[in-house]
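The structure file protein_4.cif is reproduced below (mmCIF, C-alpha atoms and all ligand atoms).
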```cif
data_data
#
loop_
_atom_site.label_atom_id
_atom_site.label_comp_id
_atom_site.auth_asym_id
_atom_site.auth_seq_id
_atom_site.Cartn_x
_atom_site.Cartn_y
_atom_site.Cartn_z
CA MET Y 1 -34.15 9.33 -16.64
CA ALA Y 2 -34.20 12.37 -18.91
CA ASP Y 3 -32.18 11.38 -21.98
CA GLY Y 4 -31.19 7.84 -21.01
CA LYS Y 5 -27.47 8.50 -21.26
CA ARG Y 6 -25.62 6.78 -18.42
CA ALA Y 7 -22.14 6.81 -16.94
CA ASP Y 8 -20.26 4.47 -14.59
CA LEU Y 9 -17.59 6.37 -12.66
CA HIS Y 10 -15.97 3.55 -10.65
CA THR Y 11 -14.32 0.49 -12.27
CA HIS Y 12 -11.12 -1.57 -12.04
CA THR Y 13 -8.82 -3.39 -14.48
CA ASN Y 14 -6.00 -5.89 -14.14
CA ARG Y 15 -3.61 -2.96 -13.74
CA SER Y 16 -4.75 -3.11 -10.10
CA ASP Y 17 -6.89 -5.92 -8.64
CA GLY Y 18 -9.50 -6.31 -11.40
CA VAL Y 19 -9.37 -9.16 -13.89
CA LEU Y 20 -10.00 -7.52 -17.30
CA GLU Y 21 -7.48 -5.87 -19.58
CA PRO Y 22 -8.31 -2.15 -20.00
CA VAL Y 23 -9.46 -2.74 -23.60
CA GLU Y 24 -11.71 -5.63 -22.50
CA LEU Y 25 -13.32 -3.47 -19.82
CA ILE Y 26 -14.02 -0.65 -22.29
CA ALA Y 27 -15.46 -3.04 -24.89
CA LYS Y 28 -17.78 -4.45 -22.23
CA ALA Y 29 -18.84 -0.93 -21.20
CA ALA Y 30 -19.63 -0.09 -24.83
CA ARG Y 31 -21.72 -3.26 -25.11
CA ALA Y 32 -23.56 -2.22 -21.92
CA ARG Y 33 -24.40 1.03 -23.80
CA LEU Y 34 -22.69 3.28 -21.29
CA VAL Y 35 -21.82 6.72 -22.68
CA ALA Y 36 -18.92 7.28 -20.27
CA ILE Y 37 -16.84 5.10 -17.96
CA ALA Y 38 -14.20 6.11 -15.45
CA VAL Y 39 -11.30 3.71 -14.95
CA THR Y 40 -10.35 4.07 -11.27
CA ASP Y 41 -7.69 1.51 -10.41
CA HIS Y 42 -6.30 1.31 -6.88
CA ASP Y 43 -3.33 3.66 -6.49
CA THR Y 44 -2.32 3.58 -10.16
CA THR Y 45 -3.17 5.20 -13.49
CA ALA Y 46 -1.38 2.51 -15.52
CA ALA Y 47 -4.56 1.47 -17.39
CA ILE Y 48 -5.61 4.93 -18.53
CA ASP Y 49 -3.69 5.32 -21.80
CA ASP Y 50 -4.86 1.93 -23.13
CA ALA Y 51 -8.41 2.56 -21.92
CA VAL Y 52 -8.59 6.01 -23.56
CA ASP Y 53 -7.35 4.55 -26.86
CA ALA Y 54 -9.97 1.80 -26.68
CA GLY Y 55 -12.66 4.36 -25.88
CA ARG Y 56 -11.73 6.41 -28.93
CA ASP Y 57 -12.02 3.31 -31.14
CA LEU Y 58 -15.30 2.18 -29.62
CA GLY Y 59 -17.04 5.56 -29.32
CA ILE Y 60 -17.30 5.67 -25.53
CA GLU Y 61 -15.82 8.38 -23.33
CA VAL Y 62 -13.17 7.14 -20.92
CA VAL Y 63 -12.75 9.37 -17.87
CA ALA Y 64 -9.24 9.19 -16.41
CA GLY Y 65 -9.46 8.21 -12.76
CA ILE Y 66 -7.78 6.64 -9.75
CA GLU Y 67 -8.98 5.20 -6.42
CA VAL Y 68 -6.59 6.17 -3.64
CA SER Y 69 -6.58 4.30 -0.32
CA THR Y 70 -6.30 7.02 2.32
CA ARG Y 71 -6.26 7.37 6.08
CA THR Y 72 -7.97 9.81 8.44
CA GLY Y 73 -7.05 8.89 12.00
CA ASN Y 74 -7.48 5.12 12.08
CA ARG Y 75 -10.20 5.07 9.41
CA GLU Y 76 -9.59 3.93 5.84
CA ILE Y 77 -11.23 6.17 3.26
CA HIS Y 78 -11.20 5.41 -0.46
CA LEU Y 79 -10.93 8.56 -2.50
CA LEU Y 80 -11.69 8.67 -6.23
CA GLY Y 81 -9.88 11.18 -8.42
CA LEU Y 82 -11.99 11.82 -11.55
CA PHE Y 83 -10.97 13.71 -14.73
CA ILE Y 84 -7.34 13.68 -13.55
CA ASP Y 85 -4.23 14.08 -15.67
CA PRO Y 86 -3.00 10.46 -15.43
CA ASN Y 87 0.59 11.56 -16.08
CA ALA Y 88 0.75 14.25 -13.38
CA ASP Y 89 4.00 14.08 -11.36
CA VAL Y 90 2.08 14.42 -8.12
CA LEU Y 91 0.16 11.20 -8.87
CA ALA Y 92 3.30 9.33 -9.94
CA GLU Y 93 4.86 10.14 -6.56
CA LEU Y 94 1.71 9.21 -4.66
CA SER Y 95 1.38 5.90 -6.56
CA GLU Y 96 4.99 4.95 -5.94
CA ARG Y 97 4.64 5.51 -2.20
CA GLN Y 98 1.39 3.56 -1.97
CA ARG Y 99 2.86 0.75 -4.07
CA ARG Y 100 5.78 0.43 -1.62
CA TRP Y 101 3.43 0.38 1.38
CA ARG Y 102 1.26 -2.27 -0.29
CA ARG Y 103 4.30 -4.47 -0.89
CA GLU Y 104 5.45 -4.05 2.73
CA ARG Y 105 1.97 -5.08 3.90
CA ALA Y 106 2.09 -8.12 1.60
CA GLU Y 107 5.43 -9.19 3.10
CA VAL Y 108 4.00 -9.17 6.63
CA LEU Y 109 0.80 -10.84 5.48
CA VAL Y 110 2.63 -13.66 3.71
CA GLU Y 111 4.80 -14.30 6.79
CA ARG Y 112 1.68 -14.50 8.89
CA ALA Y 113 -0.02 -16.84 6.42
CA ILE Y 114 3.01 -19.15 6.32
CA HIS Y 115 3.03 -19.18 10.12
CA LEU Y 116 -0.59 -20.38 9.98
CA GLY Y 117 0.51 -23.26 7.77
CA LEU Y 118 -0.80 -21.87 4.46
CA ASP Y 119 0.96 -22.62 1.20
CA ILE Y 120 2.03 -19.20 -0.10
CA ASP Y 121 5.17 -17.18 -0.85
CA LEU Y 122 5.99 -13.69 -2.10
CA GLU Y 123 7.27 -14.88 -5.48
CA ARG Y 124 3.83 -16.24 -6.36
CA VAL Y 125 2.15 -13.05 -5.10
CA ASP Y 126 4.43 -10.93 -7.30
CA ALA Y 127 3.72 -13.18 -10.27
CA ILE Y 128 -0.08 -12.88 -9.82
CA ALA Y 129 0.09 -9.10 -9.30
CA ALA Y 130 2.18 -8.84 -12.49
CA GLY Y 131 3.39 -5.34 -11.74
CA ALA Y 132 0.14 -4.04 -10.22
CA PRO Y 133 0.13 -2.53 -6.73
CA ILE Y 134 -0.44 -5.61 -4.54
CA GLY Y 135 -3.98 -5.89 -3.20
CA ARG Y 136 -5.63 -8.50 -1.04
CA PRO Y 137 -7.43 -10.00 -4.08
CA HIS Y 138 -3.98 -10.99 -5.42
CA LEU Y 139 -3.20 -12.72 -2.12
CA ALA Y 140 -6.62 -14.39 -2.24
CA GLN Y 141 -5.85 -15.69 -5.74
CA VAL Y 142 -2.56 -17.23 -4.61
CA LEU Y 143 -4.33 -18.91 -1.68
CA LEU Y 144 -6.95 -20.22 -4.10
CA ASP Y 145 -4.45 -21.51 -6.67
CA ALA Y 146 -2.59 -23.45 -3.95
CA GLY Y 147 -5.84 -25.03 -2.73
CA ASN Y 148 -5.84 -23.27 0.65
CA VAL Y 149 -9.36 -21.90 0.10
CA ARG Y 150 -12.43 -22.72 -2.03
CA SER Y 151 -12.82 -19.27 -3.62
CA THR Y 152 -11.37 -15.77 -3.37
CA GLN Y 153 -14.41 -14.87 -1.26
CA ASP Y 154 -13.59 -17.78 1.05
CA ALA Y 155 -10.04 -16.35 1.36
CA PHE Y 156 -11.46 -13.03 2.57
CA ASP Y 157 -13.98 -14.68 4.89
CA ARG Y 158 -11.41 -16.97 6.53
CA TYR Y 159 -8.12 -15.07 6.34
CA LEU Y 160 -7.95 -11.65 4.67
CA GLY Y 161 -11.03 -9.76 5.83
CA ILE Y 162 -10.86 -7.18 8.62
CA GLY Y 163 -10.27 -8.93 11.94
CA ARG Y 164 -9.37 -12.27 10.32
CA PRO Y 165 -6.02 -13.97 11.14
CA CYS Y 166 -4.15 -12.58 8.09
CA TRP Y 167 -5.58 -9.07 8.30
CA VAL Y 168 -2.72 -6.57 8.20
CA ALA Y 169 -3.26 -2.81 7.98
CA LYS Y 170 -1.23 -0.99 5.33
CA GLN Y 171 0.22 2.50 5.52
CA MET Y 172 -1.82 4.99 3.48
CA ILE Y 173 -1.59 8.62 2.46
CA ASP Y 174 -3.53 11.11 4.61
CA THR Y 175 -6.97 11.84 3.12
CA ARG Y 176 -6.48 15.61 2.98
CA GLU Y 177 -3.09 15.20 1.35
CA ALA Y 178 -4.71 12.95 -1.28
CA ILE Y 179 -7.47 15.51 -1.94
CA ALA Y 180 -4.79 18.14 -2.57
CA ALA Y 181 -2.86 15.77 -4.88
CA ILE Y 182 -5.99 15.02 -6.92
CA HIS Y 183 -6.71 18.74 -7.28
CA LEU Y 184 -3.13 19.40 -8.39
CA ALA Y 185 -3.61 16.67 -11.01
CA GLY Y 186 -6.69 18.57 -12.23
CA GLY Y 187 -9.25 16.11 -10.90
CA ALA Y 188 -12.38 16.15 -8.75
CA ALA Y 189 -11.98 14.33 -5.40
CA VAL Y 190 -14.87 12.04 -4.45
CA VAL Y 191 -15.25 9.79 -1.38
CA ALA Y 192 -16.06 6.26 -2.58
CA HIS Y 193 -18.64 3.95 -0.92
CA PRO Y 194 -18.99 6.03 2.28
CA GLY Y 195 -20.70 3.14 4.05
CA SER Y 196 -23.04 3.19 6.98
CA SER Y 197 -20.78 4.52 9.68
CA ARG Y 198 -22.27 6.80 12.30
CA VAL Y 199 -19.24 9.10 12.01
CA ARG Y 200 -19.72 9.34 8.24
CA ASP Y 201 -21.69 12.55 8.32
CA LYS Y 202 -19.24 14.38 10.57
CA LEU Y 203 -16.24 13.17 8.61
CA LEU Y 204 -17.75 14.17 5.25
CA GLY Y 205 -18.44 17.61 6.68
CA GLU Y 206 -14.80 17.95 7.70
CA LEU Y 207 -13.54 16.72 4.33
CA ALA Y 208 -15.94 19.06 2.49
CA ALA Y 209 -14.34 21.91 4.43
CA ALA Y 210 -10.95 20.56 3.30
CA GLY Y 211 -11.96 20.83 -0.37
CA LEU Y 212 -13.64 17.48 -1.09
CA ASP Y 213 -15.77 17.78 -4.25
CA GLY Y 214 -18.17 14.87 -4.09
CA VAL Y 215 -19.30 11.58 -2.64
CA GLU Y 216 -20.61 8.32 -4.09
CA VAL Y 217 -24.35 8.06 -3.77
CA VAL Y 218 -24.67 5.08 -6.11
CA HIS Y 219 -22.62 1.97 -5.27
CA PRO Y 220 -23.47 -1.75 -5.17
CA ARG Y 221 -23.10 -1.73 -1.38
CA HIS Y 222 -25.56 1.18 -1.05
CA PRO Y 223 -29.16 0.12 -0.62
CA ALA Y 224 -31.88 2.63 -1.56
CA ARG Y 225 -32.07 4.03 1.96
CA ARG Y 226 -28.34 4.82 2.07
CA ARG Y 227 -28.47 6.44 -1.37
CA HIS Y 228 -31.24 8.64 -0.10
CA LEU Y 229 -29.29 9.58 3.05
CA VAL Y 230 -26.06 10.33 1.15
CA ARG Y 231 -27.98 12.36 -1.44
CA GLY Y 232 -29.35 14.45 1.41
CA LEU Y 233 -25.83 14.93 2.76
CA CYS Y 234 -24.70 16.16 -0.67
CA GLU Y 235 -27.34 18.89 -0.57
CA LYS Y 236 -26.47 19.84 2.98
CA LEU Y 237 -22.69 19.91 2.49
CA GLY Y 238 -22.55 21.22 -1.09
CA LEU Y 239 -20.98 17.97 -2.37
CA LEU Y 240 -21.57 16.61 -5.88
CA PRO Y 241 -23.16 13.16 -6.17
CA SER Y 242 -21.31 10.42 -8.04
CA GLY Y 243 -21.51 6.67 -8.44
CA GLY Y 244 -20.57 3.50 -10.24
CA SER Y 245 -20.42 -0.27 -10.15
CA ASP Y 246 -16.95 -0.77 -8.57
CA TYR Y 247 -16.74 -3.52 -11.19
CA HIS Y 248 -13.66 -5.77 -10.87
CA GLY Y 249 -14.47 -8.18 -13.72
CA PRO Y 250 -16.34 -11.47 -14.12
CA GLY Y 251 -16.20 -13.70 -11.07
CA ARG Y 252 -15.21 -10.84 -8.76
CA GLY Y 253 -18.22 -9.78 -6.74
CA ASP Y 254 -21.74 -9.73 -8.14
CA SER Y 255 -21.78 -6.20 -9.50
CA ARG Y 256 -22.25 -5.95 -13.29
CA LEU Y 257 -21.14 -3.25 -15.65
CA GLY Y 258 -24.11 -1.07 -16.58
CA ASP Y 259 -25.83 -1.62 -13.22
CA HIS Y 260 -25.26 1.14 -10.67
CA SER Y 261 -24.83 3.80 -13.35
CA ILE Y 262 -25.50 7.53 -12.96
CA SER Y 263 -26.95 10.22 -15.23
CA MET Y 264 -24.65 12.18 -17.55
CA GLY Y 265 -25.92 15.26 -15.71
CA TRP Y 266 -24.02 14.21 -12.57
CA CYS Y 267 -20.99 13.37 -14.69
CA GLU Y 268 -21.00 16.83 -16.31
CA GLU Y 269 -21.16 18.57 -12.91
CA LEU Y 270 -18.07 16.64 -11.81
CA ARG Y 271 -16.32 17.50 -15.07
CA ARG Y 272 -17.07 21.20 -14.53
CA ARG Y 273 -15.66 21.00 -11.00
CA ALA Y 274 -12.51 19.28 -12.27
CA LYS Y 275 -12.05 22.01 -14.89
CA ARG Y 276 -11.90 24.54 -12.08
CA HIS Y 277 -9.09 22.59 -10.44
CA GLN Y 278 -7.33 22.32 -13.82
CA ALA Y 279 -7.52 26.09 -14.27
CA ALA Y 280 -6.22 26.66 -10.73
CA SER Y 281 -3.33 24.21 -11.04
CA SER Y 282 -2.21 25.54 -14.44
CA ALA Y 283 -2.26 29.11 -13.05
CA CYS Y 284 0.41 28.26 -10.46
P1 LIG Y 301 -6.66 -3.79 -0.34
O1 LIG Y 301 -6.68 -2.48 -1.09
O2 LIG Y 301 -5.44 -4.58 -0.64
O3 LIG Y 301 -6.92 -3.66 1.13
O4 LIG Y 301 -7.86 -4.66 -0.93
C1 LIG Y 301 -9.12 -4.08 -1.09
C2 LIG Y 301 -9.85 -4.78 -2.22
O5 LIG Y 301 -10.13 -6.12 -1.82
C3 LIG Y 301 -11.20 -4.16 -2.52
O6 LIG Y 301 -11.09 -3.16 -3.49
C4 LIG Y 301 -11.95 -5.33 -3.07
O7 LIG Y 301 -11.56 -5.56 -4.41
C5 LIG Y 301 -11.43 -6.49 -2.24
N1 LIG Y 301 -12.18 -6.79 -0.99
C6 LIG Y 301 -12.14 -6.08 0.17
N2 LIG Y 301 -12.90 -6.66 1.11
C7 LIG Y 301 -13.43 -7.78 0.54
C8 LIG Y 301 -14.29 -8.82 1.00
N3 LIG Y 301 -14.77 -8.84 2.26
N4 LIG Y 301 -14.62 -9.79 0.12
C9 LIG Y 301 -14.14 -9.78 -1.13
N5 LIG Y 301 -13.32 -8.84 -1.64
C10 LIG Y 301 -12.98 -7.85 -0.81
ZN ZN Y 302 -10.40 -3.60 -5.50
FE FE Y 303 -12.89 0.97 -2.64
FE FE Y 304 -13.10 0.32 -6.07
#
```

When written as structure tokens, how does the structure in this file appear?
Amino acid sequence: MADGKRADLHTHTNRSDGVLEPVELIAKAARARLVAIAVTDHDTTAAIDDAVDAGRDLGIEVVAGIEVSTRTGNREIHLLGLFIDPNADVLAELSERQRRWRRERAEVLVERAIHLGLDIDLERVDAIAAGAPIGRPHLAQVLLDAGNVRSTQDAFDRYLGIGRPCWVAKQMIDTREAIAAIHLAGGAAVVAHPGSSRVRDKLLGELAAAGLDGVEVVHPRHPARRRHLVRGLCEKLGLLPSGGSDYHGPGRGDSRLGDHSISMGWCEELRRRAKRHQAASSAC
């Protein structure tokens, strides 16, 4: 690495389904000697103001972000918005809609879980989520607290994972609509953890044509071979590379803050791209 300065552009706090307070996450990032960290909670920007304040105090740049769950056909695509205006009206509307859909999914999921004989109810789910958009990790936590499962991972393996008995699809914003919303909010739109799907390449091509700015090359679920393949796709499609740890806090997954970082060079390219969207959205 040229100058050793590293950024992590994908992390979560307890304002969505992570476990750390925004200020705790930023303090940990500073201790990991990151120069910049993007806070990208699921379908909310509620952590950004606190995180930016903490970053100012601790001398680390906090990039305002969001991770939007989106849909293209019957595929779920996670879209990161980086360098966004966290207070943009367009994001407030998007977040409110996604929050409602997440709660509706939770209602169906809880009914199904009760039908299976599990000890769970919506009141406890709401209490665990504490105002955050409800995610499956919150449901996993309730199942764990009531002794239904041995760990949150066990909850996903037995009940909540795709194809398991409590799997319920949620409604999600269309991917192209989310790209446009991120641009209006002055951010760069980046496909998160594109995975190993055979249709990935075709889909990324279509989304690039629809204005997508970048794609995650670096992610804990990307082995070296996939990083190499996605990097090649970036070149081919004119997409900017990004990456991060997808850190959700201690005890949630095995990814650590500071691992899966990217160079500040990649971060600056994304910032430049976002500035173009900012200029375009302030002109209209
Ligand atoms: P949701 O947005 O409610 O569908 O939940 C997605 C979140 O659940 C992800 O961001 C992860 O934090 C977590 N998650 C998804 N799949 C798994 C899994 N198989 N094991 C553990 N956690 C998972
Ligand atoms: Zn998550
Ligand atoms: Fe994701
Ligand atoms: Fe994530």

Q.
Need to verify the contact set: Ser95 (chain Y), 9 Å, all atoms listed in the file, exclusion of same-chain residues closer than 6 positions in sequence. Can you return it as a VMD selection string?
A. chain Y and resid 42 to 45 68 133

**Q.** Interatomic distance (Å, one decimal) between CA of Met172 (chain Y) and CA of Ser69 (chain Y)
**A.**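 Separation between CA of Met172 (chain Y) and CA of Ser69 (chain Y): 6.1 Å.
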
May I have the centre and edge lengths, in Å to one decimal, of an axis-aligned box around the listed atoms of ligand LIG 301 (chain Y) with 6 Å added to every side, as AutoDock Vina command-line options?
```
--center_x -10.1 --center_y -6.1 --center_z -1.1 --size_x 21.3 --size_y 19.3 --size_z 18.7
```

Q | Length of the CA of Leu34 (chain Y) to CA of Lys5 (chain Y) vector [Å] | A | 7.1 Å

Can you work out which residues are within 8 Å of ligand FE 303 (chain Y), considering all atoms listed in the file, and then hand them over as a CSV table (one decimal) with C-alpha atoms, keeping the file's coordinate frame?
```
chain,number,residue,atom,x,y,z
Y,42,HIS,CA,-6.3,1.3,-6.9
Y,67,GLU,CA,-9.0,5.2,-6.4
Y,69,SER,CA,-6.6,4.3,-0.3
Y,78,HIS,CA,-11.2,5.4,-0.5
Y,79,LEU,CA,-10.9,8.6,-2.5
Y,192,ALA,CA,-16.1,6.3,-2.6
Y,193,HIS,CA,-18.6,4.0,-0.9
Y,246,ASP,CA,-17.0,-0.8,-8.6
```

(Q) Please list as a list of chain:residue names every residue within 7 Å of Thr152 (chain Y), counting only C-alpha atoms and excluding residues in the same chain fewer than 2 positions away. (A)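 Contacts, with the query itself left out: Y:Ala140, Y:Gln141, Y:Leu144, Y:Asp154, Y:Ala155, Y:Phe156.
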
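Remark: residues at most 10 Å from position (-8.9, 9.0, 9.5) in file coordinates are Thr70, Arg71, Thr72, Gly73, Asn74, Arg75, Glu76, Ile77, Asp174, Thr175, Arg176 and Leu203 of chain Y, using only C-alpha atoms.
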
Q: Work out how far apart CA of Arg231 (chain Y) and CA of Leu82 (chain Y) are and give it in Å to one decimal.
A: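 Distance reported for this atom pair: 18.9 Å.
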
Q.
Which residues are near ligand LIG 301 (chain Y) - at most 8 Å, using only C-alpha atoms and all ligand atoms? Format: as a PyMOL selection string.
A. chain Y and resi 17-18+42+69+102+134-137+152-153+156-157+160-162+169-170+248+252-253

Q: Measuring atom to atom with all atoms listed in the file, identify which of Y:Leu237, Y:Ala130, Y:Leu204, Y:Val39 is nearest to ligand FE 304 (chain Y).
A: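 Residue with the minimum atom-to-atom distance to ligand FE 304 (chain Y): Y:Val39.
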
Q: Name the closest residue to ligand FE 304 (chain Y) among the candidates Y:Leu58, Y:Ala51, Y:Leu80, Y:Leu239; distances are taken between atoms, counting all atoms listed in the file.
A: Y:Leu80

Q. Counting all atoms listed in the file, which of Y:Val90, Y:Val108, Y:Ala178, Y:Ala132 gets nearest to ligand ZN 302 (chain Y)?
A. Y:Ala132

Q | Pick from Y:Glu216, Y:Glu21, Y:Asp201, Y:Asp41, whichever lies nearest to ligand ZN 302 (chain Y) using all atoms listed in the file | A | Y:Asp41

Q.
When you count all atoms listed in the file, which of these residues is closest to Ser282 (chain Y): Y:Gly244, Y:Leu122, Y:Ile66, Y:Leu184?
A. Y:Leu184

(Q) Need to verify the contact set: Ala27 (chain Y), 9 Å, all atoms listed in the file, exclusion of same-chain residues closer than 5 positions in sequence. Can you return it as a VMD selection string? (A) chain Y and resid 22 32 54 to 55 58 60

Using N, CA, C and O atoms, give me region 240-255 of chain Y from the structure I just pasted, as a tab-separated table (two decimals), in the first residue's frame.
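Listing of decode-v1.tsv after writing:
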```
chain	number	residue	atom	x	y	z
Y	240	LEU	N	-16.54	2.11	-10.02
Y	240	LEU	CA	-15.48	2.37	-9.05
Y	240	LEU	C	-15.46	1.24	-8.01
Y	240	LEU	O	-16.52	0.81	-7.55
Y	241	PRO	N	-14.28	0.79	-7.61
Y	241	PRO	CA	-14.20	-0.24	-6.58
Y	241	PRO	C	-14.40	0.35	-5.19
Y	241	PRO	O	-14.01	1.49	-4.93
Y	242	SER	N	-15.05	-0.42	-4.31
Y	242	SER	CA	-15.22	0.01	-2.92
Y	242	SER	C	-15.05	-1.21	-2.03
Y	242	SER	O	-14.75	-2.31	-2.51
Y	243	GLY	N	-15.24	-1.01	-0.72
Y	243	GLY	CA	-15.15	-2.17	0.16
Y	243	GLY	C	-15.17	-1.80	1.62
Y	243	GLY	O	-15.04	-0.63	1.99
Y	244	GLY	N	-15.38	-2.80	2.44
Y	244	GLY	CA	-15.41	-2.59	3.89
Y	244	GLY	C	-15.68	-3.89	4.61
Y	244	GLY	O	-15.80	-4.95	3.99
Y	245	SER	N	-15.78	-3.78	5.93
Y	245	SER	CA	-15.88	-4.97	6.78
Y	245	SER	C	-17.29	-5.48	6.98
Y	245	SER	O	-17.49	-6.60	7.41
Y	246	ASP	N	-18.31	-4.62	6.72
Y	246	ASP	CA	-19.71	-4.97	7.05
Y	246	ASP	C	-19.81	-5.31	8.54
Y	246	ASP	O	-20.59	-6.18	8.94
Y	247	TYR	N	-19.01	-4.60	9.32
Y	247	TYR	CA	-18.93	-4.87	10.77
Y	247	TYR	C	-20.25	-4.54	11.46
Y	247	TYR	O	-20.82	-3.48	11.24
Y	248	HIS	N	-20.73	-5.49	12.29
Y	248	HIS	CA	-21.98	-5.29	13.04
Y	248	HIS	C	-21.73	-5.24	14.55
Y	248	HIS	O	-22.69	-5.17	15.32
Y	249	GLY	N	-20.46	-5.29	14.96
Y	249	GLY	CA	-20.16	-5.23	16.39
Y	249	GLY	C	-19.68	-6.56	16.92
Y	249	GLY	O	-19.81	-7.59	16.26
Y	250	PRO	N	-19.11	-6.55	18.15
Y	250	PRO	CA	-18.56	-7.78	18.73
Y	250	PRO	C	-19.65	-8.85	18.87
Y	250	PRO	O	-20.77	-8.56	19.25
Y	251	GLY	N	-19.29	-10.07	18.54
Y	251	GLY	CA	-20.24	-11.17	18.68
Y	251	GLY	C	-21.17	-11.33	17.50
Y	251	GLY	O	-21.98	-12.25	17.45
Y	252	ARG	N	-21.10	-10.40	16.54
Y	252	ARG	CA	-21.95	-10.52	15.34
Y	252	ARG	C	-21.05	-10.78	14.14
Y	252	ARG	O	-20.42	-9.86	13.63
Y	253	GLY	N	-20.96	-12.02	13.74
Y	253	GLY	CA	-20.10	-12.38	12.62
Y	253	GLY	C	-18.64	-12.37	13.06
Y	253	GLY	O	-18.34	-12.03	14.21
Y	254	ASP	N	-17.73	-12.73	12.17
Y	254	ASP	CA	-16.33	-12.80	12.59
Y	254	ASP	C	-15.49	-11.71	11.97
Y	254	ASP	O	-14.27	-11.70	12.07
Y	255	SER	N	-16.18	-10.76	11.28
Y	255	SER	CA	-15.42	-9.68	10.66
Y	255	SER	C	-14.99	-8.67	11.74
Y	255	SER	O	-15.74	-8.39	12.65
```
